[in-house]
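Participant: The structure is given below, and queries will be raised subsequently.
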Amino acid sequence: MSKATRERWLIGIWSLLAAGLGLSVYLIVSAILGQLGFPLDDAWIHQTYARSLALRGEWAYWPGEISAGSTSPLWTVLLVPGQIFQGGMLIWTYLLGWLGLAGSAWLGQVVYQNILQPAQTKIPIMALILALEWHLVWAAGSGMETILYILLILAVFAELTRKPPRYWLAGGLVGLTGWVRPDGLTLLGPVLFVAMLAESRRQERVLRIGQSLVGFFFMFLPYLLFNYWMAGSIWPNTFYAKQAEYFSMTQEGFIIRFFRLLIQPMVGIGILLLPGVTWSFYRAIKYKNWILLSIGLFWLGTTLMYAWRLPVVYQHARYLMPAMAPYFLIGLCGMAELMMIFSESKQTRLYQFGWRLATTLTLLLFYLIGAITYANDIGIINTEMVAAARWISENTEETAVVAAHDIGAMGYFGERRLLDLAGLISPEVIPIIRDEQQLRIYLDGQGANYLVTFPGWYAQLDVGKDELWQSTGHYSIDQGGENMVIFRWK
């Protein structure tokens with residue numbers, strides 16, 4: 001075994017142990033506080049599709065009705081084994097999260113070393129940061145595809161920093177991300193950017209671009225065909241539903257939206273990496289380091305894209321979490337270079353020690369704060385969405401039709417026919433998603449029997465409807481929210 005191979009195995013072991021510790025503490029804290037589950041209702045959407053696949057071999061949310069409400073087909077398929085063995089669903093999902101976090105940490109370290117080419121790596125600092133950064137640990141335990149998307153992003157950049165890159169594989173990995181998140185398509189930009197600008201003859205550049213596109217379309221075209229077969233559209237319902245739901249937020253000034261999203265990676269260790277991010281951009285432009293620049297541009301481009309179409313920061317900016325890993329990567333690369341440049345004087349070494357100490361303490365402090373936050377987020381979902389779904393299951397007739405804005409836990413535990421007010425499995429709702437008068441007509445026409453919602457989400461929809469049940473959970477109230485209510489529609 002070569003020295004380089006042995007070192008990568010050691011980094012892999014470091015990554016597995018650090019990620020295992022990172023996620024385990026979050027789960028232990030949640031269990032101590034009385035809650036295990038997922039911090040997002042959307043995670044139960046994937047579990048419902050996975051159960052349908054495991055039990056009936058159907059890509060359906062409701063038995064017999066094919067639908068394209070899963071944003072991430074690949075993640076849903078990976079969840080299927082957890083549905084086969086009774087009681088194994090949570091364990092299997094957490095296991096996938098652990099492996100995704102460990103893989104992301106390992107790949108992040110690989111990219112870091114490929115860029116800086118250090119003589120020897122005693123401690124895989126990049127891997128440790130990614131394995132313990134609170135946003136990424138939260139994502140690993142969320143039950144969502146986010147951590148898998150992060151892993152694939154870093155896999156693309158690991159391939160681009162390889163000598164020489166296999167552009168057909170980089171393009172194929174980009175195409176694969178479409179099966180995880182539709183916005184993975186944006187990764188094609190960095191691949192083509194590097195393929196076009198890397199020094200070589202024109203013929204070689206054309207060949208690299210061609211290889212990238214062949215690899216991409218080989219993996220991505222089947223994804224578009226899958227969506228068209230499921231829903232008659234090349235994009236999943238969620239692609240349109242989320243944009244329609246939050247369209248009003250795009251009316252705010254673009255600069256304000258952009259900077260609100262731009263600062264999200266800096267909630268935690270990211271603020272101490274900001275000088276490194278700035279330096280990385282400067283060095284990449286000055287010395288034409290197109291690979292490093294492509295990583296930074298991917299972070300900025302993703303932030304710009306969401307500021308333009310989906311400028312939301314709720315749930316700890318979960319849509320932006322995949323772009324945070326590249327931010328941390330270029331930030332640490334920049335800081336490492338700065339420390340090598342300014343390492344001569346005794347005073348500078350003192351500053352370096354202070355920065356390392358501050359970074360370590362900030363990483364651990366926000367990691368611990370994140371553990372409490374993660375537990376509280378699970379508490380909200382369990383005492384609001386899951387509790388409402390269990391009430392529906394236990395107190396309504398099996399033929400009942402339930403209208404709900406959050407369909408994840410309702411689909412998994414409620415097991416009633418659903419009308420999705422967010423449009424994920426009911427795409428006909430998307431054009432009227434904010435028109436309450438039309439929603440009333442729609443619910444009447446579809447024979448709705450119950451309405452499940454937070455009262456503050458709609459101004460008029462629940463007016464005149466009898467309240468049957470209200471959650472008594474304190475987690476939502478403690479966070480400034482409200483309790484979920486079940487109304488009789490008719």
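Chain labels follow the order of the structure tokens: the first chain is A, the next B, and so on; residue numbering restarts at 1 in every chain, and ligands are counted from 1 in their shown order.
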Near Asp478 of chain A, within 12 Å and counting only C-alpha atoms, which residues show up once chain neighbours fewer than 2 positions away are dropped, as a PDB file with C-alpha atoms, in the first residue's frame?
Facilitator:
```pdb
ATOM      1  CA  THR A 373     -31.668  23.279  18.215  1.00  0.00           C
ATOM      2  CA  ASN A 376     -36.198  21.291  19.586  1.00  0.00           C
ATOM      3  CA  ASP A 377     -36.852  21.072  15.845  1.00  0.00           C
ATOM      4  CA  GLY A 379     -39.961  18.330  19.115  1.00  0.00           C
ATOM      5  CA  ILE A 380     -41.921  20.744  16.919  1.00  0.00           C
ATOM      6  CA  THR A 472     -50.766  21.171  23.192  1.00  0.00           C
ATOM      7  CA  GLY A 473     -47.079  20.972  22.277  1.00  0.00           C
ATOM      8  CA  HIS A 474     -44.827  23.639  23.764  1.00  0.00           C
ATOM      9  CA  TYR A 475     -41.927  23.458  21.307  1.00  0.00           C
ATOM     10  CA  SER A 476     -43.605  25.527  18.616  1.00  0.00           C
ATOM     11  CA  GLY A 480     -42.623  32.002  18.713  1.00  0.00           C
ATOM     12  CA  GLY A 481     -44.932  29.837  16.611  1.00  0.00           C
ATOM     13  CA  GLU A 482     -48.403  28.436  17.166  1.00  0.00           C
ATOM     14  CA  ASN A 483     -50.147  25.118  17.626  1.00  0.00           C
TER      15      ASN A 483
END
```
Participant: What are the closest atom pairs, with distances in Å to one decimal, for each residue of segment 83-179 of chain A lying within 10 Å of segment 51-62 of chain A, using only C-alpha atoms, rows by chain and rising residue number, as CSV?
Facilitator:
```
residue,atom,partner,partner_atom,distance
A:Gln83,CA,A:Arg51,CA,5.5
A:Ile84,CA,A:Ala54,CA,6.1
A:Phe85,CA,A:Ala54,CA,9.9
A:Met89,CA,A:Arg51,CA,9.6
```
Participant: Which residue gives the smallest distance to Leu74 of chain A among A:Ile150, A:Leu16, A:Leu99, A:Val180, with only C-alpha atoms counted?
Facilitator: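 Looking at the shortest contact to Leu74 of chain A, the residue is A:Val180.
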Participant: Let me make sure I understand: among A:Ala375, A:Val174, A:Gly268, A:Gln47, which one has the smallest atom-to-atom distance to Leu221 of chain A if we use only C-alpha atoms?
Facilitator: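 With only C-alpha atoms as the atom set, the closest residue is A:Val174.
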Participant: Enter the distance from atom CA of Ala231 of chain A to atom CA of Ile407 of chain A, in Å, rounded to one decimal.
Facilitator: 18.3 Å
Participant: Neighbouring residues of Ser393 of chain A were defined as those with any atom within 9 Å, considering only C-alpha atoms; residues of the same chain fewer than 3 positions away were excluded. Please report them as a short mmCIF file (atom, residue, chain, number, x, y, z; two decimals) with N, CA and C atoms, in the first residue's frame.
Facilitator:
```cif
data_model
loop_
_atom_site.label_atom_id
_atom_site.label_comp_id
_atom_site.auth_asym_id
_atom_site.auth_seq_id
_atom_site.Cartn_x
_atom_site.Cartn_y
_atom_site.Cartn_z
N ALA A 388 -50.82 15.52 15.08
CA ALA A 388 -52.03 15.75 14.29
C ALA A 388 -52.33 14.55 13.40
N ALA A 389 -51.30 13.99 12.80
CA ALA A 389 -51.49 12.83 11.92
C ALA A 389 -52.01 11.63 12.69
N ARG A 390 -51.49 11.42 13.89
CA ARG A 390 -51.97 10.29 14.71
C ARG A 390 -53.42 10.49 15.11
N THR A 396 -60.76 9.44 12.66
CA THR A 396 -61.52 9.71 11.44
C THR A 396 -61.75 8.41 10.67
N GLU A 397 -62.76 8.44 9.83
CA GLU A 397 -63.08 7.27 9.03
C GLU A 397 -62.02 7.04 7.96
N GLU A 398 -61.83 5.80 7.56
CA GLU A 398 -60.77 5.46 6.61
C GLU A 398 -60.99 6.11 5.25
N MET A 410 -48.43 13.54 7.98
CA MET A 410 -49.83 13.22 7.74
C MET A 410 -49.95 12.03 6.78
N PHE A 413 -48.29 8.77 8.92
CA PHE A 413 -49.01 8.28 10.10
C PHE A 413 -50.52 8.36 9.95
N GLY A 414 -51.00 9.38 9.19
CA GLY A 414 -52.45 9.56 9.07
C GLY A 414 -53.09 8.52 8.16
N GLU A 415 -52.43 8.20 7.07
CA GLU A 415 -52.89 7.19 6.10
C GLU A 415 -54.33 7.43 5.66
N ARG A 416 -54.57 8.68 5.28
CA ARG A 416 -55.86 9.07 4.69
C ARG A 416 -55.59 9.73 3.35
#
```
Participant: Nearest residue to Phe216 of chain A out of A:Gly108, A:Pro275, A:Gly189, A:Gly232, using only C-alpha atoms?
Facilitator: A:Gly189
Participant: When distances are computed from only C-alpha atoms, which of A:Ile256, A:Leu261, A:Leu33, A:Leu96 shows the smallest separation from Met305 of chain A?
Facilitator: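 Looking at the shortest contact to Met305 of chain A, the residue is A:Leu261.
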